[in-house]
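Take a look at the structure set out below.
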Amino acid sequence: MREMSAMYGLAASVTPVLFKAACPDCRSRFELSASALCLAIGASRRTTFYSFTCPECGSSVRKPAGERIVELLTGGGVRTLRLHTTV
């Protein structure tokens with residue numbers, strides 16, 4: 001969580017943003033930093049997703065990302081890949 005000093009407009013203390021996640025394979029629940037996630041934005045809901053590697057079992061996890069999830073992940077500094085279609 002980031003805190004801002006209202007009086008000076010400068011960061012009073014910077015704490016890394018953490019995202020809660022779960023693995024569908026091993027069912028572990030954990031927190032991941034923005035650097036552990038990747039967001040892919042495609043042309044449709046079906047092609048917009050985020051992914052990460054489970055820190056417990058090592059499985060590659062891919063989950064759909066709606067508008068709100070995209071907003072939260074981009075605002076939290078998650079690297080974003082924009083997918084393009086070729087016609």
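If you're wondering about the labels, chains in the structure tokens are A, B, ... by order shown, residues count from 1 in each chain, ligands from 1 in order shown.
Every protein, DNA or RNA residue with an atom at most 9 Å from segment 40-44 of chain A, where only C-alpha atoms count and chain neighbours fewer than 2 positions away do not, is listed here: A:Cys38, A:Arg46, A:Thr47, A:Thr48, A:Phe49, A:Tyr50, A:Ser51, A:Ala65, A:Val70, A:Arg79, A:Thr80, A:Leu81, A:Arg82, A:Leu83, A:His84, A:Thr85.
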Export of prior selection with all heavy atoms as a CSV table (one decimal), in the first residue's frame:
chain,number,residue,atom,x,y,z
A,38,CYS,N,2.1,-10.7,-14.8
A,38,CYS,CA,2.1,-10.2,-16.2
A,38,CYS,C,0.7,-10.0,-16.6
A,38,CYS,O,-0.1,-11.0,-16.5
A,38,CYS,CB,2.9,-11.1,-17.1
A,38,CYS,SG,3.0,-10.4,-18.8
A,46,ARG,N,-11.9,-12.4,-23.9
A,46,ARG,CA,-11.3,-13.7,-24.0
A,46,ARG,C,-9.8,-13.7,-24.1
A,46,ARG,O,-9.1,-14.6,-23.7
A,46,ARG,CB,-11.9,-14.5,-25.1
A,46,ARG,CG,-11.8,-16.0,-25.0
A,46,ARG,CD,-12.5,-16.7,-26.1
A,46,ARG,NE,-11.7,-16.7,-27.3
A,46,ARG,CZ,-12.1,-16.5,-28.6
A,46,ARG,NH1,-13.3,-16.4,-28.8
A,46,ARG,NH2,-11.2,-16.5,-29.6
A,47,THR,N,-9.3,-12.6,-24.7
A,47,THR,CA,-7.8,-12.5,-24.9
A,47,THR,C,-7.2,-11.5,-23.9
A,47,THR,O,-6.0,-11.1,-24.1
A,47,THR,CB,-7.5,-12.1,-26.3
A,47,THR,OG1,-8.2,-10.9,-26.6
A,47,THR,CG2,-8.0,-13.2,-27.3
A,48,THR,N,-7.9,-11.1,-22.8
A,48,THR,CA,-7.3,-10.3,-21.8
A,48,THR,C,-7.2,-11.1,-20.5
A,48,THR,O,-8.2,-11.6,-20.0
A,48,THR,CB,-8.1,-9.0,-21.6
A,48,THR,OG1,-8.2,-8.3,-22.8
A,48,THR,CG2,-7.6,-8.1,-20.5
A,49,PHE,N,-5.9,-11.2,-20.0
A,49,PHE,CA,-5.7,-12.1,-18.9
A,49,PHE,C,-4.4,-11.7,-18.1
A,49,PHE,O,-3.7,-10.9,-18.6
A,49,PHE,CB,-5.5,-13.6,-19.3
A,49,PHE,CG,-4.4,-13.8,-20.3
A,49,PHE,CD1,-3.1,-14.1,-19.8
A,49,PHE,CD2,-4.6,-13.6,-21.6
A,49,PHE,CE1,-2.1,-14.3,-20.7
A,49,PHE,CE2,-3.5,-13.8,-22.5
A,49,PHE,CZ,-2.2,-14.1,-22.0
A,50,TYR,N,-4.3,-12.2,-16.9
A,50,TYR,CA,-3.0,-12.0,-16.2
A,50,TYR,C,-2.5,-13.4,-15.9
A,50,TYR,O,-3.2,-14.4,-15.9
A,50,TYR,CB,-3.2,-11.1,-14.9
A,50,TYR,CG,-4.1,-11.7,-13.9
A,50,TYR,CD1,-3.5,-12.4,-12.8
A,50,TYR,CD2,-5.5,-11.6,-13.9
A,50,TYR,CE1,-4.3,-12.9,-11.7
A,50,TYR,CE2,-6.3,-12.1,-12.9
A,50,TYR,CZ,-5.7,-12.8,-11.8
A,50,TYR,OH,-6.5,-13.3,-10.8
A,51,SER,N,-1.2,-13.4,-15.7
A,51,SER,CA,-0.5,-14.7,-15.4
A,51,SER,C,0.6,-14.6,-14.4
A,51,SER,O,1.1,-13.5,-14.2
A,51,SER,CB,0.0,-15.3,-16.7
A,51,SER,OG,1.0,-14.4,-17.3
A,65,ALA,N,-9.0,-11.4,-17.0
A,65,ALA,CA,-8.9,-10.1,-16.4
A,65,ALA,C,-9.9,-9.1,-17.0
A,65,ALA,O,-9.8,-8.7,-18.1
A,65,ALA,CB,-7.5,-9.4,-16.5
A,70,VAL,N,-7.9,-5.2,-14.7
A,70,VAL,CA,-6.9,-4.5,-15.5
A,70,VAL,C,-6.5,-3.1,-14.9
A,70,VAL,O,-5.3,-2.8,-14.8
A,70,VAL,CB,-7.4,-4.2,-17.0
A,70,VAL,CG1,-6.5,-3.3,-17.8
A,70,VAL,CG2,-7.5,-5.6,-17.7
A,79,ARG,N,3.6,-5.2,-15.1
A,79,ARG,CA,4.0,-5.0,-16.5
A,79,ARG,C,2.9,-5.5,-17.5
A,79,ARG,O,2.2,-6.5,-17.2
A,79,ARG,CB,5.3,-5.7,-16.8
A,79,ARG,CG,5.3,-7.2,-16.8
A,79,ARG,CD,6.7,-7.8,-17.0
A,79,ARG,NE,6.7,-9.2,-16.9
A,79,ARG,CZ,6.8,-9.9,-15.8
A,79,ARG,NH1,6.9,-9.3,-14.6
A,79,ARG,NH2,6.7,-11.2,-15.8
A,80,THR,N,2.7,-4.8,-18.6
A,80,THR,CA,1.6,-5.0,-19.4
A,80,THR,C,2.1,-5.3,-20.9
A,80,THR,O,2.9,-4.6,-21.4
A,80,THR,CB,0.6,-3.8,-19.5
A,80,THR,OG1,0.2,-3.6,-18.1
A,80,THR,CG2,-0.6,-4.1,-20.3
A,81,LEU,N,1.5,-6.3,-21.4
A,81,LEU,CA,1.8,-6.7,-22.8
A,81,LEU,C,0.5,-6.5,-23.6
A,81,LEU,O,-0.6,-7.0,-23.3
A,81,LEU,CB,2.2,-8.2,-22.9
A,81,LEU,CG,2.3,-8.8,-24.3
A,81,LEU,CD1,3.5,-8.2,-25.0
A,81,LEU,CD2,2.6,-10.3,-24.1
A,82,ARG,N,0.5,-5.7,-24.6
A,82,ARG,CA,-0.6,-5.4,-25.5
A,82,ARG,C,-0.5,-6.4,-26.7
A,82,ARG,O,0.4,-6.4,-27.4
A,82,ARG,CB,-0.7,-4.0,-26.0
A,82,ARG,CG,-0.8,-3.1,-24.8
A,82,ARG,CD,-1.5,-1.8,-25.1
A,82,ARG,NE,-1.6,-0.9,-24.0
A,82,ARG,CZ,-2.6,-0.8,-23.2
A,82,ARG,NH1,-3.7,-1.5,-23.4
A,82,ARG,NH2,-2.6,0.0,-22.2
A,83,LEU,N,-1.6,-7.2,-26.8
A,83,LEU,CA,-1.6,-8.2,-27.9
A,83,LEU,C,-2.3,-7.5,-29.1
A,83,LEU,O,-3.3,-6.9,-29.0
A,83,LEU,CB,-2.5,-9.4,-27.5
A,83,LEU,CG,-2.0,-10.1,-26.2
A,83,LEU,CD1,-3.0,-11.2,-25.8
A,83,LEU,CD2,-0.6,-10.6,-26.3
A,84,HIS,N,-1.7,-7.7,-30.3
A,84,HIS,CA,-2.2,-7.2,-31.5
A,84,HIS,C,-2.7,-8.3,-32.4
A,84,HIS,O,-2.0,-9.4,-32.4
A,84,HIS,CB,-1.1,-6.4,-32.2
A,84,HIS,CG,-0.7,-5.2,-31.4
A,84,HIS,ND1,-1.4,-4.0,-31.4
A,84,HIS,CD2,0.4,-5.0,-30.7
A,84,HIS,CE1,-0.8,-3.2,-30.6
A,84,HIS,NE2,0.3,-3.7,-30.2
A,85,THR,N,-3.7,-8.1,-33.2
A,85,THR,CA,-4.2,-9.1,-34.1
A,85,THR,C,-3.7,-8.7,-35.5
A,85,THR,O,-3.5,-7.5,-35.8
A,85,THR,CB,-5.7,-9.2,-34.1
A,85,THR,OG1,-6.2,-7.9,-34.4
A,85,THR,CG2,-6.2,-9.6,-32.8
**OP:** Please provide as a PyMOL selection string all residues within 10 Å of Asp25 of chain A, with the sequence filter that same-chain residues fewer than 3 positions apart are discarded (counting only C-alpha atoms).
**Re:** chain A and resi 22+28+54+57-61
**OP:** From chain A, collect each residue whose DSSP state is strand (DSSP E or B) and return the set as a PyMOL selection string.
**Re:** chain A and resi 2-4+11-14+18-22+29-33+38-41+49-53+60-64+79-82
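Closest approach to Arg68 of chain A among A:Phe52, A:Arg45, A:Cys23, A:Glu31: A:Arg45, based on only C-alpha atoms.
For the atom pair formed by atom CA of Glu56 of chain A and atom CA of Phe19 of chain A, the distance is 15.6 Å, given to one decimal.
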**OP:** Measure the distance from atom CA of Thr15 of chain A to atom CA of Pro64 of chain A in Å and round it to one decimal.
**Re:** 26.7 Å
